[in-house]
$ cat query_14.txt   # compact mmCIF, C-alpha atoms
# COMPACT_ATOMS: atom_id res chain seq x y z
CA MET A 1 153.89 -132.34 -59.47
CA ASN A 2 154.46 -130.86 -62.90
CA GLN A 3 151.02 -129.48 -63.74
CA ARG A 4 151.43 -127.10 -66.63
CA ILE A 5 151.29 -123.35 -66.21
CA VAL A 6 148.87 -121.62 -68.56
CA VAL A 7 149.48 -118.01 -69.60
CA GLY A 8 147.03 -115.90 -71.58
CA LEU A 9 148.48 -113.75 -74.35
CA ASP A 10 146.79 -110.84 -76.10
CA GLY A 11 149.78 -108.93 -77.45
CA SER A 12 149.81 -106.29 -74.70
CA ALA A 13 152.97 -105.41 -72.75
CA GLU A 14 151.29 -106.81 -69.66
CA SER A 15 150.65 -110.21 -71.24
CA VAL A 16 154.27 -110.33 -72.48
CA ALA A 17 155.41 -109.62 -68.93
CA ALA A 18 153.08 -112.36 -67.71
CA ALA A 19 154.70 -114.78 -70.17
CA HIS A 20 158.21 -114.03 -68.88
CA TRP A 21 157.04 -114.32 -65.27
CA SER A 22 155.38 -117.63 -66.14
CA ALA A 23 158.53 -118.95 -67.78
CA ARG A 24 160.52 -118.46 -64.59
CA GLU A 25 157.70 -119.99 -62.57
CA ALA A 26 157.60 -123.01 -64.88
CA LEU A 27 161.32 -123.55 -64.39
CA LEU A 28 160.87 -123.18 -60.64
CA ARG A 29 158.22 -125.90 -60.68
CA SER A 30 159.78 -128.09 -63.42
CA ALA A 31 156.47 -127.71 -65.22
CA PRO A 32 155.56 -127.26 -68.91
CA LEU A 33 154.37 -123.86 -70.11
CA HIS A 34 151.21 -123.52 -72.21
CA LEU A 35 150.73 -120.26 -74.14
CA VAL A 36 147.11 -119.50 -74.97
CA HIS A 37 145.35 -116.88 -77.05
CA ALA A 38 141.56 -116.81 -76.91
CA GLU A 39 139.29 -114.61 -78.97
CA GLU A 40 135.76 -114.76 -80.27
CA TRP A 41 136.05 -114.57 -84.03
CA PHE A 42 132.83 -112.73 -84.70
CA SER A 43 132.46 -110.90 -88.02
CA PRO A 44 129.39 -108.74 -88.66
CA LEU A 45 128.02 -108.86 -92.16
CA SER A 46 129.64 -105.51 -92.90
CA ILE A 47 133.11 -106.88 -92.18
CA PRO A 48 134.63 -109.34 -94.68
CA ALA A 49 135.36 -112.85 -93.44
CA ALA A 50 138.96 -112.30 -94.50
CA ARG A 51 139.32 -109.96 -91.51
CA SER A 52 138.75 -112.92 -89.18
CA ASP A 53 141.33 -114.95 -91.08
CA LEU A 54 143.83 -112.15 -90.60
CA ARG A 55 143.08 -112.11 -86.87
CA ARG A 56 143.67 -115.86 -86.69
CA GLN A 57 146.97 -115.49 -88.51
CA TRP A 58 147.92 -112.70 -86.12
CA ALA A 59 147.10 -114.92 -83.12
CA GLN A 60 149.22 -117.76 -84.48
CA ALA A 61 152.11 -115.37 -85.13
CA LEU A 62 151.74 -113.94 -81.61
CA LEU A 63 152.02 -117.39 -80.04
CA ARG A 64 154.88 -118.40 -82.34
CA GLU A 65 156.95 -115.29 -81.61
CA ALA A 66 156.30 -115.46 -77.87
CA SER A 67 157.35 -119.10 -77.79
CA LYS A 68 160.51 -118.32 -79.77
CA GLU A 69 161.48 -115.45 -77.45
CA LEU A 70 160.93 -117.50 -74.30
CA LEU A 71 162.96 -120.42 -75.64
CA GLU A 72 165.81 -118.09 -76.52
CA ASN A 73 165.92 -116.97 -72.89
CA HIS A 74 165.08 -120.36 -71.38
CA PRO A 75 166.03 -123.17 -73.82
CA GLN A 76 165.20 -125.86 -71.28
CA LEU A 77 161.52 -124.89 -71.18
CA GLU A 78 158.84 -127.21 -72.52
CA ILE A 79 156.39 -124.94 -74.36
CA SER A 80 153.11 -125.64 -76.13
CA THR A 81 150.68 -123.19 -77.73
CA GLU A 82 146.96 -123.08 -78.41
CA SER A 83 144.55 -120.62 -80.01
CA PHE A 84 140.88 -120.72 -79.09
CA ASP A 85 137.90 -119.55 -81.08
CA GLY A 86 135.34 -118.55 -78.49
CA GLN A 87 134.67 -116.50 -75.39
CA PRO A 88 138.11 -115.78 -73.87
CA ALA A 89 137.00 -116.22 -70.25
CA ASP A 90 135.31 -119.57 -70.93
CA SER A 91 138.25 -120.81 -73.00
CA LEU A 92 140.84 -119.81 -70.39
CA ALA A 93 138.82 -121.33 -67.56
CA SER A 94 138.40 -124.58 -69.48
CA THR A 95 142.07 -125.00 -70.37
CA THR A 96 143.08 -124.12 -66.79
CA ALA A 97 140.81 -126.74 -65.17
CA THR A 98 143.63 -129.32 -65.02
CA ALA A 99 146.52 -126.86 -64.86
CA GLY A 100 148.59 -125.89 -61.87
CA MET A 101 148.20 -122.16 -62.43
CA LEU A 102 146.86 -119.50 -64.80
CA VAL A 103 148.84 -116.29 -65.34
CA LEU A 104 147.38 -113.15 -66.89
CA GLY A 105 148.68 -109.66 -67.54
CA SER A 106 146.91 -106.75 -65.87
CA ARG A 107 147.21 -103.13 -66.93
CA GLY A 108 148.13 -100.24 -64.63
CA LEU A 109 146.10 -97.05 -64.29
CA GLY A 110 148.51 -94.78 -66.16
CA THR A 111 150.42 -92.65 -63.67
CA LEU A 112 148.31 -93.97 -60.81
CA THR A 113 149.24 -97.07 -58.86
CA GLY A 114 146.85 -99.90 -59.57
CA PHE A 115 145.58 -102.75 -61.67
CA VAL A 116 142.84 -102.53 -64.20
CA LEU A 117 141.36 -105.97 -63.89
CA GLY A 118 139.41 -106.33 -67.12
CA SER A 119 136.19 -108.24 -67.67
CA VAL A 120 138.07 -111.30 -68.94
CA GLY A 121 140.33 -111.51 -65.90
CA MET A 122 137.43 -111.03 -63.50
CA ALA A 123 135.30 -113.60 -65.30
CA VAL A 124 138.10 -116.18 -65.25
CA ILE A 125 138.65 -115.67 -61.52
CA HIS A 126 134.95 -116.37 -61.02
CA ALA A 127 134.98 -119.40 -63.30
CA THR A 128 137.97 -121.42 -62.10
CA GLU A 129 139.16 -122.71 -58.74
CA ARG A 130 142.77 -122.97 -59.89
CA PRO A 131 145.30 -120.38 -58.62
CA ILE A 132 145.45 -117.29 -60.84
CA VAL A 133 148.36 -114.84 -60.89
CA LEU A 134 147.92 -111.29 -62.18
CA VAL A 135 151.15 -109.67 -63.42
CA ARG A 136 151.90 -106.08 -64.33
CA ALA A 137 154.60 -104.93 -66.74
CA THR A 138 157.00 -104.06 -63.93
CA GLU A 139 160.69 -104.76 -63.47
CA ASP A 140 160.34 -108.15 -61.81
CA ALA A 141 157.91 -109.35 -64.50
CA LEU A 142 160.18 -108.54 -67.43
CA PRO A 143 163.02 -110.75 -68.75
CA HIS A 144 166.35 -110.45 -66.95
CA ASP A 145 169.64 -112.31 -66.80
CA GLN A 146 168.60 -114.63 -63.98
CA GLU A 147 166.48 -117.67 -64.77
CA CYS A 148 164.55 -117.28 -61.52
CA HIS A 149 162.39 -114.67 -59.85
CA LEU A 150 164.13 -111.72 -58.24
CA ASP A 151 165.13 -112.26 -54.60
CA ARG A 152 162.17 -110.70 -52.82
CA ASP A 153 159.95 -111.67 -49.92
CA MET A 154 156.43 -113.02 -50.33
CA VAL A 155 153.37 -111.72 -48.48
CA VAL A 156 150.20 -113.67 -47.68
CA GLY A 157 147.17 -112.13 -46.04
CA ILE A 158 145.02 -114.46 -43.93
CA ASP A 159 142.01 -114.38 -41.63
CA ILE A 160 142.67 -116.47 -38.52
CA SER A 161 138.94 -116.75 -37.82
CA ARG A 162 138.39 -118.92 -40.91
CA PRO A 163 140.13 -121.96 -42.45
CA CYS A 164 142.91 -120.93 -44.83
CA ASP A 165 144.53 -124.28 -45.63
CA ALA A 166 144.53 -123.94 -49.43
CA LEU A 167 145.87 -120.39 -49.17
CA LEU A 168 148.66 -121.35 -46.77
CA ALA A 169 149.52 -124.49 -48.75
CA PHE A 170 150.09 -122.40 -51.88
CA ALA A 171 152.04 -119.71 -50.02
CA PHE A 172 154.33 -122.09 -48.13
CA ASP A 173 154.98 -124.24 -51.19
CA GLU A 174 155.87 -121.19 -53.29
CA ALA A 175 158.09 -119.70 -50.56
CA SER A 176 159.84 -123.05 -50.19
CA ARG A 177 160.56 -123.16 -53.92
CA ARG A 178 161.83 -119.59 -53.94
CA ALA A 179 163.80 -120.00 -50.68
CA CYS A 180 162.52 -116.59 -49.61
CA THR A 181 161.00 -115.14 -46.46
CA LEU A 182 157.24 -115.56 -46.17
CA ARG A 183 155.54 -112.66 -44.41
CA VAL A 184 152.18 -113.81 -43.00
CA LEU A 185 149.86 -110.94 -42.16
CA HIS A 186 146.63 -110.88 -40.17
CA SER A 187 144.88 -107.56 -39.66
CA TRP A 188 142.12 -106.74 -37.21
CA MET A 189 140.00 -103.71 -36.41
CA LEU A 190 139.08 -102.27 -33.02
CA PRO A 191 135.37 -102.60 -32.22
CA PRO A 192 133.23 -99.52 -32.95
CA LEU A 193 133.26 -96.99 -30.13
CA ALA A 194 129.49 -97.07 -29.65
CA GLY A 195 128.73 -99.76 -27.10
CA SER A 196 132.32 -101.03 -27.08
CA GLY A 197 134.25 -98.22 -25.47
CA TYR A 198 135.86 -100.74 -23.14
CA ALA A 199 137.91 -101.99 -26.10
CA TYR A 200 139.90 -98.76 -26.05
CA ASN A 201 141.25 -99.59 -22.61
CA PRO A 202 145.00 -100.25 -23.13
CA LYS A 203 144.81 -103.46 -21.08
CA VAL A 204 141.90 -104.73 -23.15
CA ASN A 205 143.67 -103.80 -26.38
CA ALA A 206 146.79 -105.63 -25.24
CA GLN A 207 144.74 -108.74 -24.43
CA ILE A 208 143.02 -108.67 -27.83
CA ALA A 209 146.40 -108.30 -29.55
CA GLN A 210 147.79 -111.20 -27.54
CA ASN A 211 144.85 -113.37 -28.50
CA MET A 212 145.41 -112.51 -32.16
CA ASP A 213 149.12 -113.36 -31.89
CA THR A 214 148.27 -116.69 -30.28
CA GLY A 215 145.64 -117.46 -32.92
CA LEU A 216 148.07 -116.76 -35.76
CA ASP A 217 150.80 -118.80 -34.10
CA ASP A 218 148.42 -121.76 -33.64
CA MET A 219 147.26 -121.57 -37.26
CA LEU A 220 150.82 -121.55 -38.59
CA LYS A 221 152.25 -124.26 -36.34
CA PRO A 222 151.45 -127.26 -38.61
CA TRP A 223 152.84 -125.34 -41.59
CA ARG A 224 156.03 -124.48 -39.76
CA ASP A 225 156.43 -128.17 -38.97
CA MET A 226 155.78 -129.13 -42.59
CA TYR A 227 158.10 -126.48 -44.05
CA PRO A 228 160.87 -126.01 -41.44
CA ALA A 229 163.21 -124.39 -43.97
CA VAL A 230 160.81 -121.54 -44.77
CA SER A 231 161.75 -118.32 -42.99
CA LEU A 232 158.59 -116.81 -41.46
CA ASP A 233 157.78 -113.25 -40.50
CA GLU A 234 154.46 -113.33 -38.61
CA GLN A 235 152.66 -110.01 -38.29
CA VAL A 236 149.43 -109.04 -36.54
CA LYS A 237 148.43 -105.44 -37.18
CA VAL A 238 145.53 -103.15 -36.36
CA GLY A 239 143.97 -101.55 -39.42
CA HIS A 240 142.22 -102.24 -42.69
CA ALA A 241 143.49 -105.54 -44.11
CA SER A 242 143.78 -104.31 -47.71
CA GLU A 243 145.84 -101.28 -46.68
CA GLN A 244 148.11 -103.39 -44.49
CA ILE A 245 148.68 -106.01 -47.20
CA LEU A 246 149.37 -103.38 -49.86
CA GLU A 247 151.88 -101.65 -47.60
CA ALA A 248 153.60 -104.91 -46.65
CA GLY A 249 153.64 -106.07 -50.28
CA SER A 250 154.88 -102.86 -51.90
CA GLY A 251 158.31 -104.41 -52.52
CA ALA A 252 157.30 -108.07 -52.49
CA GLY A 253 157.94 -110.63 -55.20
CA LEU A 254 154.41 -112.00 -54.84
CA ILE A 255 151.30 -111.22 -52.80
CA VAL A 256 149.00 -114.14 -52.06
CA VAL A 257 145.34 -113.55 -51.25
CA GLY A 258 142.29 -115.78 -51.17
CA ARG A 259 138.74 -115.83 -52.39
CA ARG A 260 135.92 -117.91 -50.98
CA ILE A 261 134.37 -120.57 -53.21
CA ARG A 262 130.68 -119.77 -53.54
CA GLN A 263 128.14 -122.22 -54.92
CA SER A 264 125.56 -119.50 -55.54
CA SER A 265 125.65 -117.78 -58.92
CA PHE A 266 124.57 -114.54 -57.25
CA GLY A 267 126.64 -112.09 -55.27
CA ALA A 268 130.31 -111.20 -55.39
CA HIS A 269 132.84 -113.99 -55.82
CA ILE A 270 135.78 -111.81 -54.79
CA GLY A 271 135.76 -110.24 -51.36
CA PRO A 272 136.46 -106.52 -50.87
CA ILE A 273 139.99 -107.13 -49.56
CA THR A 274 141.10 -109.26 -52.52
CA HIS A 275 139.32 -106.86 -54.88
CA ALA A 276 141.33 -103.93 -53.47
CA ILE A 277 144.61 -105.84 -53.67
CA LEU A 278 143.99 -106.77 -57.31
CA HIS A 279 143.33 -103.17 -58.27
CA HIS A 280 146.10 -101.46 -56.35
CA SER A 281 149.07 -103.80 -55.94
CA THR A 282 152.33 -103.04 -57.71
CA ALA A 283 153.54 -106.64 -57.18
CA PRO A 284 152.25 -109.79 -58.89
CA VAL A 285 149.16 -111.08 -57.08
CA ALA A 286 148.14 -114.74 -56.70
CA VAL A 287 144.46 -115.39 -56.02
CA VAL A 288 143.80 -118.78 -54.42
CA ALA A 289 140.26 -120.13 -54.19
CA HIS A 290 139.44 -121.88 -50.92
CA GLU A 291 136.51 -122.97 -48.76
$ encode --input "query_14.txt" --output "structure tokens"
Amino acid sequence: MNQRIVVGLDGSAESVAAAHWSAREALLRSAPLHLVHAEEWFSPLSIPAARSDLRRQWAQALLREASKELLENHPQLEISTESFDGQPADSLASTTATAGMLVLGSRGLGTLTGFVLGSVGMAVIHATERPIVLVRATEDALPHDQECHLDRDMVVGIDISRPCDALLAFAFDEASRRACTLRVLHSWMLPPLAGSGYAYNPKVNAQIAQNMDTGLDDMLKPWRDMYPAVSLDEQVKVGHASEQILEAGSGAGLIVVGRRIRQSSFGAHIGPITHAILHHSTAPVAVVAHE
């Protein structure tokens, strides 16, 4: 499979970092790289039309310079560019429909740890079922001497009570390509004390933990058989899933989380766990849509 990797550029340091991350990912997958800039060229009557022309020229220069820089670092890359005139979220979702992956930059909260996932990024996540990776302008996202990602583990958070095939397929395939350890994490919470005090009995807790371990092992068995070369680190922990994933992924090369595909146009399309990971992870985050 050589489905192209689409990366959105807007001139920010985060989108530049996303482009360099995407270049290494494209080489890893032997896939072409497609650089995209999308903007709605709207000019009020008080603003001369020439201003829009200047913005279009700037967009073309942005794509041209980014392509040149990436080819200087990775001459074997196959790169194409495209500039859209329209709503950025709609344009990115449309061009990603047949792609293997969309990569976007995401800005940190100043001195605080966290993503600011803008309206465009959130809208695109809602609009496409293709994997989306959010990248910050951190060390492992910037260009470096190696033509591959830094040697770091991956982390994937799963819920053993629900099907996670698409999520695990992405995580195992990526870990296989990177030849890195895949840390699979399932978190669970003790029942509330009211009416469930029995759950705080050490023997009961041990039995629940054993059941969780068995459930995770059963879920991963077909994937272990399919990817025998992937080194697995299976973890079942008590606590809030988002906190556990963030802690486990603090030094990871990639965190993989899922979002449920919803047919309804109402309600949240990103669960609270994935939402927290997107806003507070220091590592690149892949969001995989699944049933």
$ residues_around --input "query_14.txt" --residues "A:Val287" --least-positions-apart "3" --cutoff "7 Å" --atoms "only C-alpha atoms" --output "ChimeraX atom specification"
/A:131-133,256-259
$ atom_distance --input "query_14.txt" --atom1 "atom CA of A:Gln60" --atom2 "atom CA of A:Ala286"
28.0 Å
$ residues_near_point --input "query_14.txt" --point "(161.8, -117.0, -58.6)" --cutoff "10 Å" --atoms "all atoms listed in the file" --output "ChimeraX atom specification"
/A:21-29,140,146-152,174-175,177-180,253-254
$ atom_distance --input "query_14.txt" --atom1 "atom CA of A:Val135" --atom2 "atom CA of A:Glu14"
6.9 Å
$ residues_around --input "query_14.txt" --residues "A:Gln244" --least-positions-apart "2" --cutoff "12 Å" --atoms "all atoms listed in the file" --output "ChimeraX atom specification"
/A:155-158,183-189,235-242,246-250,255,273,276-277,281
$ atom_distance --input "query_14.txt" --atom1 "atom CA of A:His290" --atom2 "atom CA of A:Arg260"
5.3 Å
$ residues_around --input "query_14.txt" --residues "stretch 68-82 of chain A" --least-positions-apart "2" --cutoff "9 Å" --atoms "only C-alpha atoms" --output "number ranges by chain"
A: 19-20, 23-24, 26-27, 30-38, 60, 63-66, 84, 143-145, 147
$ residues_around --input "query_14.txt" --residues "stretch 98-105 of chain A" --least-positions-apart "2" --cutoff "7 Å" --atoms "only C-alpha atoms" --output "CSV table (one decimal) with C-alpha atoms, in the coordinates of the input"
chain,number,residue,atom,x,y,z
A,3,GLN,CA,151.0,-129.5,-63.7
A,4,ARG,CA,151.4,-127.1,-66.6
A,5,ILE,CA,151.3,-123.4,-66.2
A,6,VAL,CA,148.9,-121.6,-68.6
A,7,VAL,CA,149.5,-118.0,-69.6
A,8,GLY,CA,147.0,-115.9,-71.6
A,14,GLU,CA,151.3,-106.8,-69.7
A,15,SER,CA,150.6,-110.2,-71.2
A,17,ALA,CA,155.4,-109.6,-68.9
A,18,ALA,CA,153.1,-112.4,-67.7
A,22,SER,CA,155.4,-117.6,-66.1
A,96,THR,CA,143.1,-124.1,-66.8
A,107,ARG,CA,147.2,-103.1,-66.9
A,130,ARG,CA,142.8,-123.0,-59.9
A,131,PRO,CA,145.3,-120.4,-58.6
A,132,ILE,CA,145.4,-117.3,-60.8
A,133,VAL,CA,148.4,-114.8,-60.9
A,134,LEU,CA,147.9,-111.3,-62.2
A,135,VAL,CA,151.2,-109.7,-63.4
A,136,ARG,CA,151.9,-106.1,-64.3
$ residues_around --input "query_14.txt" --residues "A:Pro228" --least-positions-apart "3" --cutoff "12 Å" --atoms "all atoms listed in the file" --output "count of residues only"
14
